[in-house]
$ cat work_6.cif   # mmCIF, C-alpha atoms
data_query
loop_
_atom_site.label_atom_id
_atom_site.label_comp_id
_atom_site.auth_asym_id
_atom_site.auth_seq_id
_atom_site.Cartn_x
_atom_site.Cartn_y
_atom_site.Cartn_z
CA MET A 1 0.00 0.00 0.00
CA LYS A 2 1.27 3.46 -0.94
CA LYS A 3 0.41 6.78 0.71
CA ILE A 4 1.49 10.41 1.06
CA ILE A 5 2.18 12.14 4.38
CA LEU A 6 2.17 15.86 5.13
CA TYR A 7 3.73 17.32 8.26
CA TYR A 8 5.47 20.33 9.76
CA LYS A 9 6.85 21.50 13.08
CA PHE A 10 7.95 24.93 14.24
CA CYS A 11 10.94 24.30 16.47
CA SER A 12 14.47 25.51 17.01
CA ILE A 13 16.96 23.65 14.77
CA ASP A 14 20.57 24.48 15.59
CA GLN A 15 22.14 22.81 12.56
CA PRO A 16 19.73 22.78 9.60
CA LYS A 17 22.43 21.50 7.23
CA VAL A 18 22.97 18.42 9.40
CA ILE A 19 19.22 17.73 9.42
CA GLN A 20 19.15 18.19 5.64
CA LEU A 21 21.88 15.57 5.13
CA TRP A 22 20.13 13.17 7.52
CA GLN A 23 16.78 13.64 5.79
CA ASN A 24 18.34 13.02 2.38
CA GLU A 25 19.95 9.78 3.52
CA LEU A 26 16.84 8.60 5.40
CA CYS A 27 14.42 9.25 2.54
CA GLN A 28 16.68 7.74 -0.11
CA ARG A 29 17.14 4.61 2.00
CA LEU A 30 13.36 4.29 2.36
CA ASN A 31 12.65 5.05 -1.34
CA LEU A 32 10.58 8.12 -0.48
CA LYS A 33 10.04 11.06 -2.82
CA GLY A 34 8.67 14.51 -2.13
CA ARG A 35 9.73 17.86 -0.71
CA ILE A 36 11.24 18.81 2.64
CA ILE A 37 12.19 22.31 3.77
CA VAL A 38 14.51 22.62 6.78
CA SER A 39 15.16 25.93 8.51
CA SER A 40 16.43 27.21 11.83
CA ILE A 41 12.80 27.64 12.97
CA GLY A 42 11.29 24.37 11.78
CA ILE A 43 10.67 21.69 9.19
CA ASN A 44 7.97 21.26 6.55
CA GLY A 45 7.55 18.11 4.49
CA THR A 46 5.42 16.11 2.05
CA LEU A 47 6.54 12.58 1.21
CA GLY A 48 5.15 9.66 -0.75
CA GLY A 49 6.03 5.95 -0.72
CA ASN A 50 5.16 2.54 0.64
CA LEU A 51 3.16 2.75 3.86
CA SER A 52 5.69 0.54 5.66
CA ASN A 53 8.51 2.89 4.65
CA LEU A 54 6.52 5.93 5.74
CA LYS A 55 6.00 4.29 9.12
CA ALA A 56 9.76 3.69 9.34
CA TYR A 57 10.31 7.35 8.48
CA LYS A 58 7.97 8.50 11.24
CA LYS A 59 9.68 6.17 13.70
CA ALA A 60 13.07 7.70 12.86
CA MET A 61 11.64 11.20 13.26
CA LYS A 62 10.05 10.32 16.60
CA ALA A 63 13.43 9.19 17.91
CA LEU A 64 14.67 12.79 17.68
CA ASP A 65 13.33 14.91 20.55
CA ILE A 66 12.58 18.04 18.52
CA PHE A 67 10.45 16.04 16.07
CA SER A 68 8.94 13.50 18.48
CA ASP A 69 5.48 15.11 18.71
CA ILE A 70 4.89 15.87 15.01
CA GLU A 71 1.36 15.14 13.78
CA TYR A 72 1.25 13.54 10.35
CA LYS A 73 -1.60 13.82 7.84
CA LEU A 74 -2.08 10.73 5.66
CA THR A 75 -3.61 10.96 2.18
CA ASP A 76 -3.93 8.75 -0.89
CA GLY A 77 -1.02 8.87 -3.33
CA SER A 78 2.49 7.53 -3.81
CA GLU A 79 6.10 8.48 -4.52
CA PHE A 80 5.16 8.61 -8.21
CA ASP A 81 3.20 11.81 -7.53
CA PHE A 82 6.56 13.57 -7.14
CA PRO A 83 9.29 13.90 -9.78
CA LYS A 84 12.09 13.43 -7.24
CA LEU A 85 13.20 13.87 -3.64
CA SER A 86 14.06 17.47 -2.75
CA VAL A 87 15.48 18.42 0.65
CA LYS A 88 16.47 22.09 0.99
CA VAL A 89 17.67 24.44 3.69
CA ARG A 90 15.86 27.79 3.64
CA PRO A 91 15.42 30.73 6.01
CA GLU A 92 11.75 29.83 6.66
CA PRO A 93 9.70 26.61 6.47
CA VAL A 94 7.27 28.64 4.33
CA THR A 95 8.34 31.91 2.72
CA LEU A 96 6.67 34.96 4.24
CA GLU A 97 9.62 37.39 4.16
CA ALA A 98 8.39 39.68 6.92
CA ILE A 99 10.22 43.01 7.04
CA LYS A 100 10.87 42.73 10.76
CA GLU A 101 11.59 39.61 12.76
CA PHE A 102 8.80 38.04 14.81
CA ASN A 103 8.45 35.07 17.14
CA ALA A 104 7.44 32.16 14.90
CA PHE A 105 6.74 30.03 17.97
CA ASN A 106 4.14 32.45 19.33
CA SER A 107 1.29 31.25 17.14
CA SER A 108 -2.39 31.68 17.88
CA LYS A 109 -4.64 29.03 19.37
CA GLY A 110 -5.29 26.33 16.79
CA LEU A 111 -8.87 25.15 16.45
CA SER A 112 -9.51 21.47 15.78
CA PRO A 113 -11.80 20.71 12.81
CA LYS A 114 -14.70 20.26 15.25
CA GLN A 115 -13.93 23.52 17.10
CA TRP A 116 -13.51 25.34 13.78
CA HIS A 117 -16.84 24.01 12.51
CA GLU A 118 -18.66 24.93 15.72
CA TYR A 119 -17.08 28.39 15.91
CA LEU A 120 -18.15 29.30 12.37
CA THR A 121 -21.59 27.79 12.86
CA GLU A 122 -22.12 29.88 16.00
CA HIS A 123 -20.39 33.02 14.63
CA PRO A 124 -21.20 33.07 10.89
CA GLN A 125 -20.10 36.71 10.48
CA THR A 126 -16.51 36.04 11.55
CA LEU A 127 -13.79 37.16 9.14
CA VAL A 128 -12.11 34.13 7.58
CA LEU A 129 -8.80 34.54 5.74
CA ASP A 130 -7.70 31.95 3.17
CA ALA A 131 -3.90 31.90 3.43
CA ARG A 132 -3.42 30.14 0.09
CA ASN A 133 -2.65 31.33 -3.42
CA TYR A 134 -5.39 32.32 -5.88
CA TYR A 135 -5.21 29.11 -7.93
CA GLU A 136 -5.69 27.01 -4.80
CA SER A 137 -8.79 28.84 -3.59
CA GLU A 138 -10.34 28.82 -7.08
CA ILE A 139 -11.21 25.13 -6.88
CA GLY A 140 -12.18 24.91 -3.20
CA SER A 141 -12.90 27.07 -0.15
CA PHE A 142 -15.03 27.34 2.97
CA LYS A 143 -18.69 28.34 2.64
CA VAL A 144 -18.79 31.34 4.98
CA ASP A 145 -20.23 34.84 4.69
CA ASN A 146 -17.07 36.90 5.28
CA LEU A 147 -14.43 34.91 3.42
CA ILE A 148 -11.33 36.72 2.14
CA LYS A 149 -9.62 34.93 -0.77
CA PRO A 150 -6.56 37.03 -1.66
CA LYS A 151 -5.56 37.17 -5.33
CA ILE A 152 -1.96 36.31 -4.51
CA LYS A 153 0.58 34.25 -6.45
CA THR A 154 2.81 33.40 -3.48
CA PHE A 155 2.37 33.24 0.28
CA LYS A 156 4.66 36.24 0.90
CA ASP A 157 2.22 38.42 -1.06
CA ILE A 158 -0.38 38.10 1.70
CA LYS A 159 1.24 40.73 3.95
CA PRO A 160 -0.42 43.79 2.28
CA ILE A 161 -3.78 41.98 2.54
CA VAL A 162 -3.25 41.38 6.25
CA ALA A 163 -2.27 45.03 6.79
CA LYS A 164 -5.77 46.12 5.70
CA LEU A 165 -7.68 43.83 8.08
CA PRO A 166 -9.22 45.08 11.35
CA LYS A 167 -7.03 44.22 14.33
CA ASP A 168 -9.82 44.40 16.91
CA GLN A 169 -12.04 41.70 15.37
CA PRO A 170 -11.63 37.90 15.60
CA ILE A 171 -10.07 36.46 12.45
CA LEU A 172 -9.84 32.80 11.49
CA THR A 173 -7.24 31.70 8.95
CA TYR A 174 -6.69 28.41 7.12
CA CYS A 175 -4.53 26.68 4.53
CA THR A 176 -3.95 23.16 3.16
CA GLY A 177 -2.09 21.49 6.01
CA ASP A 178 -1.83 24.29 8.63
CA VAL A 179 1.82 25.30 8.23
CA ARG A 180 1.11 28.59 6.43
CA CYS A 181 -1.83 29.64 8.59
CA GLU A 182 -0.06 28.82 11.88
CA TYR A 183 2.98 30.80 10.76
CA LEU A 184 0.73 33.61 9.56
CA SER A 185 -1.10 33.69 12.89
CA ALA A 186 2.21 34.26 14.70
CA TYR A 187 3.02 37.08 12.30
CA MET A 188 -0.44 38.64 12.75
CA GLN A 189 -0.14 38.55 16.53
CA SER A 190 3.23 40.30 16.26
CA GLU A 191 1.45 42.97 14.17
CA GLY A 192 -1.07 43.64 16.93
CA PHE A 193 -4.06 41.51 15.96
CA GLU A 194 -6.02 40.75 19.12
CA THR A 195 -7.77 37.45 18.27
CA VAL A 196 -6.52 35.09 15.57
CA HIS A 197 -7.24 31.37 15.26
CA HIS A 198 -5.84 28.95 12.70
CA LEU A 199 -7.35 25.65 11.56
CA ARG A 200 -5.29 22.92 13.20
CA GLY A 201 -4.44 20.27 10.63
CA GLY A 202 -5.66 22.51 7.84
CA ILE A 203 -8.17 21.70 5.13
CA ILE A 204 -6.87 18.13 4.98
CA LYS A 205 -7.88 17.34 8.56
CA TYR A 206 -11.19 19.18 8.24
CA GLY A 207 -12.02 17.25 5.07
CA GLN A 208 -11.06 13.96 6.65
CA THR A 209 -13.31 14.80 9.61
CA TYR A 210 -16.40 16.13 7.79
CA GLY A 211 -15.95 14.89 4.23
CA ASP A 212 -18.16 17.06 2.03
CA GLY A 213 -20.89 17.37 4.64
CA GLY A 214 -19.43 20.34 6.49
CA LEU A 215 -18.57 23.92 5.56
CA TRP A 216 -15.99 22.99 2.93
CA GLN A 217 -16.91 23.02 -0.75
CA GLY A 218 -14.97 21.89 -3.82
CA LYS A 219 -11.56 20.23 -4.05
CA CYS A 220 -8.36 20.82 -2.14
CA TYR A 221 -5.38 21.87 -4.27
CA VAL A 222 -2.13 19.97 -3.60
CA PHE A 223 1.38 20.70 -4.86
CA ASP A 224 2.15 17.44 -6.64
CA ARG A 225 1.01 15.49 -9.69
CA ARG A 226 -2.39 14.76 -8.13
CA MET A 227 -3.11 18.52 -8.17
CA GLN A 228 -6.39 18.09 -6.26
CA LEU A 229 -8.04 16.05 -3.51
CA GLY A 230 -11.71 15.32 -3.00
CA PHE A 231 -12.87 14.23 0.44
CA SER A 232 -15.78 12.04 -0.67
CA LYS A 233 -17.67 10.92 -3.74
CA LYS A 234 -19.89 13.96 -3.17
CA ALA A 235 -17.02 16.41 -3.75
CA GLN A 236 -18.19 19.07 -6.19
CA ASP A 237 -16.46 21.05 -8.89
CA ILE A 238 -17.03 24.73 -8.11
CA ALA A 239 -14.66 26.43 -10.55
CA GLN A 240 -15.63 27.28 -14.12
CA CYS A 241 -13.65 26.21 -17.18
CA LEU A 242 -12.16 29.26 -18.89
CA VAL A 243 -13.05 27.85 -22.32
CA CYS A 244 -16.45 26.10 -22.11
CA GLN A 245 -17.69 27.50 -18.77
CA ASN A 246 -18.56 24.03 -17.45
CA LYS A 247 -17.78 23.25 -13.81
CA THR A 248 -14.38 21.64 -13.25
CA SER A 249 -11.46 21.44 -10.82
CA ASP A 250 -8.82 20.76 -13.48
CA GLN A 251 -6.07 23.28 -14.12
CA VAL A 252 -3.24 23.93 -16.59
CA ASN A 253 -0.61 26.60 -17.05
CA CYS A 254 -1.27 29.49 -19.43
CA ASP A 255 0.50 28.95 -22.76
CA ASP A 256 2.00 32.43 -22.72
CA CYS A 257 2.58 33.57 -19.12
CA ASN A 258 2.50 30.24 -17.19
CA ARG A 259 -0.29 31.49 -14.90
CA GLN A 260 -2.38 28.58 -13.64
CA LEU A 261 -5.80 28.46 -15.30
CA VAL A 262 -8.99 26.48 -14.71
CA VAL A 263 -9.48 24.41 -17.88
CA CYS A 264 -11.45 21.14 -18.00
CA LEU A 265 -9.84 17.95 -19.32
CA ASN A 266 -11.87 18.03 -22.52
CA CYS A 267 -10.79 21.57 -23.38
CA GLN A 268 -7.17 20.77 -22.55
CA LYS A 269 -7.14 18.64 -25.70
CA GLN A 270 -7.82 21.73 -27.82
CA PRO A 271 -6.46 25.29 -28.03
CA TYR A 272 -7.47 27.17 -24.91
CA TYR A 273 -7.86 30.80 -23.86
CA HIS A 274 -5.03 33.03 -22.71
CA CYS A 275 -5.54 34.25 -19.17
CA GLN A 276 -5.56 37.96 -20.05
CA ASN A 277 -6.97 37.99 -23.56
CA PRO A 278 -10.07 36.02 -24.68
CA THR A 279 -8.46 34.75 -27.87
CA VAL A 280 -7.31 31.24 -28.64
CA SER A 281 -3.70 30.64 -27.65
CA SER A 282 -1.16 30.09 -30.40
CA ARG A 283 -0.24 26.63 -29.20
CA THR A 284 -2.27 23.48 -28.69
CA ARG A 285 -1.80 21.78 -25.33
CA LYS A 286 -0.66 18.18 -25.71
#

$ encode --input "work_6.cif" --output "structure tokens"
Amino acid sequence: MKKIILYYKFCSIDQPKVIQLWQNELCQRLNLKGRIIVSSIGINGTLGGNLSNLKAYKKAMKALDIFSDIEYKLTDGSEFDFPKLSVKVRPEPVTLEAIKEFNAFNSSKGLSPKQWHEYLTEHPQTLVLDARNYYESEIGSFKVDNLIKPKIKTFKDIKPIVAKLPKDQPILTYCTGDVRCEYLSAYMQSEGFETVHHLRGGIIKYGQTYGDGGLWQGKCYVFDRRMQLGFSKKAQDIAQCLVCQNKTSDQVNCDDCNRQLVVCLNCQKQPYYHCQNPTVSSRTRK
């Protein structure tokens, strides 16, 4: 049986390069592929492979004190959903590039999927901030009244959006697996926001808890060859194909600018529209 795990942990890592070398050796030995980011303030990873090898990986991680309490999210997939194994050392586990330093370990209170669901059910007017990029939120998001879906291309672009939000109102924030929204909540608290909560475990955990019977609608975008996850057979397509206007969750890159576009599988076989100009692109997608 093959699976994919997602995980992260904000913690102090004294020698990121040493951890990088260890992770490379460990994953290669266990035939795992995926992406791991190591920094001085934490680790962020997505790996695919045989379930037995993933269990061996988690056992090795648990043996190290700083990683012993990591919570892993398990989804369908395999090592073949990734082109290779990539283990990199970077300044941040996710790139926010804040102008001034802040305490990454001082995150807000995380709400479990059940707490998140109950909070939004009882307080439907709460501001909810999607911490993902535009092409992720296009195919799936939470069904709430005051949802903010920033038109951003990268996570670091969310800072000007945050700067415009009211600091004296409760704000809930979410992302795919919780790493971005937990990190963002720490940043927001350092900027003076009074009440911020992030979705513990992210969309993945919420979807695994409620399927498509809760407040989530659509598909969850993932950064590998699967591109999307549905949480049940009732998962709906909520985005609209740029070419035929039918509902779909499929996406391709723009022929000219590489921007990610919503285009159904049928229309991907034919010339499709440029993202900025409603004329047929000069190339035919293979």

$ resolve_selection --input "work_6.cif" --expression "the PyMOL selection byres ((chain A and resi 104) around 10)" --output "VMD selection string"
chain A and resid 10 to 12 41 to 42 92 101 to 103 105 to 107 182 to 187 190

$ resolve_selection --input "work_6.cif" --expression "the PyMOL selection byres ((chain A and resi 201) around 6)" --output "list of chain:residue names"
A:Gly177, A:Asp178, A:Arg200, A:Gly202, A:Lys205

$ resolve_selection --input "work_6.cif" --expression "the PyMOL selection byres ((chain A and resi 230) around 9)" --output "ChimeraX atom specification"
/A:207,211-212,218-220,228-229,231-236

$ residues_around --input "work_6.cif" --residues "Ser68 in chain A" --least-positions-apart "6" --cutoff "12 Å" --atoms "only C-alpha atoms" --output "list in words"
Tyr8, Lys9, Cys11, Tyr57, Lys58, Lys59, Ala60, Met61 and Lys62 of chain A

$ residues_around --input "work_6.cif" --residues "Lys167 in chain A" --least-positions-apart "4" --cutoff "9 Å" --atoms "only C-alpha atoms" --output "CSV table (one decimal) with C-alpha atoms, keeping the file's coordinate frame"
chain,number,residue,atom,x,y,z
A,163,ALA,CA,-2.3,45.0,6.8
A,171,ILE,CA,-10.1,36.5,12.4
A,188,MET,CA,-0.4,38.6,12.8
A,191,GLU,CA,1.4,43.0,14.2
A,192,GLY,CA,-1.1,43.6,16.9
A,193,PHE,CA,-4.1,41.5,16.0
A,194,GLU,CA,-6.0,40.8,19.1
A,195,THR,CA,-7.8,37.4,18.3

$ atom_distance --input "work_6.cif" --atom1 "CA of Glu118 in chain A" --atom2 "CA of Leu6 in chain A"
25.1 Å

$ closest_residue --input "work_6.cif" --among "A:Tyr206, A:Ala56, A:Met1, A:Thr95" --to "Arg29 in chain A" --atoms "all atoms listed in the file"
A:Ala56

$ atom_distance --input "work_6.cif" --atom1 "CA of Gln217 in chain A" --atom2 "CA of Asp145 in chain A"
13.4 Å

$ atom_distance --input "work_6.cif" --atom1 "CA of Gln268 in chain A" --atom2 "CA of Leu85 in chain A"
28.6 Å

$ closest_residue --input "work_6.cif" --among "A:Val243, A:Leu21, A:Leu26, A:Ile203" --to "Arg180 in chain A" --atoms "only C-alpha atoms"
A:Ile203

$ closest_residue --input "work_6.cif" --among "A:Glu25, A:Asp224, A:Asp81, A:Glu97" --to "Phe155 in chain A" --atoms "only C-alpha atoms"
A:Glu97

$ closest_residue --input "work_6.cif" --among "A:Ser39, A:Asp76, A:Ile148, A:Phe67" --to "Pro91 in chain A" --atoms "only C-alpha atoms"
A:Ser39

$ residues_around --input "work_6.cif" --residues "Asn24 in chain A" --least-positions-apart "3" --cutoff "12 Å" --atoms "all atoms listed in the file" --output "short mmCIF file (atom, residue, chain, number, x, y, z; two decimals) with C-alpha atoms, keeping the file's coordinate frame"
data_model
loop_
_atom_site.label_atom_id
_atom_site.label_comp_id
_atom_site.auth_asym_id
_atom_site.auth_seq_id
_atom_site.Cartn_x
_atom_site.Cartn_y
_atom_site.Cartn_z
CA LYS A 17 22.43 21.50 7.23
CA VAL A 18 22.97 18.42 9.40
CA ILE A 19 19.22 17.73 9.42
CA GLN A 20 19.15 18.19 5.64
CA LEU A 21 21.88 15.57 5.13
CA CYS A 27 14.42 9.25 2.54
CA GLN A 28 16.68 7.74 -0.11
CA ARG A 29 17.14 4.61 2.00
CA LEU A 30 13.36 4.29 2.36
CA ASN A 31 12.65 5.05 -1.34
CA LEU A 32 10.58 8.12 -0.48
CA LYS A 33 10.04 11.06 -2.82
CA GLY A 34 8.67 14.51 -2.13
CA ARG A 35 9.73 17.86 -0.71
CA ILE A 36 11.24 18.81 2.64
CA ILE A 37 12.19 22.31 3.77
CA VAL A 38 14.51 22.62 6.78
CA LEU A 47 6.54 12.58 1.21
CA TYR A 57 10.31 7.35 8.48
CA LYS A 84 12.09 13.43 -7.24
CA LEU A 85 13.20 13.87 -3.64
CA SER A 86 14.06 17.47 -2.75
CA VAL A 87 15.48 18.42 0.65
CA LYS A 88 16.47 22.09 0.99
CA VAL A 89 17.67 24.44 3.69
#

$ residues_around --input "work_6.cif" --residues "Lys156 in chain A" --least-positions-apart "4" --cutoff "10 Å" --atoms "only C-alpha atoms" --output "list in words"
Val94, Thr95, Leu96, Glu97, Ala98, Ala131, Asn133, Ile152, Pro160 and Leu184 of chain A

$ closest_residue --input "work_6.cif" --among "A:Leu54, A:Val196, A:Ile4, A:Ile139" --to "Thr173 in chain A" --atoms "all atoms listed in the file"
A:Val196

$ closest_residue --input "work_6.cif" --among "A:Ala239, A:Tyr135, A:Asn146, A:Pro113" --to "Asn253 in chain A" --atoms "only C-alpha atoms"
A:Tyr135
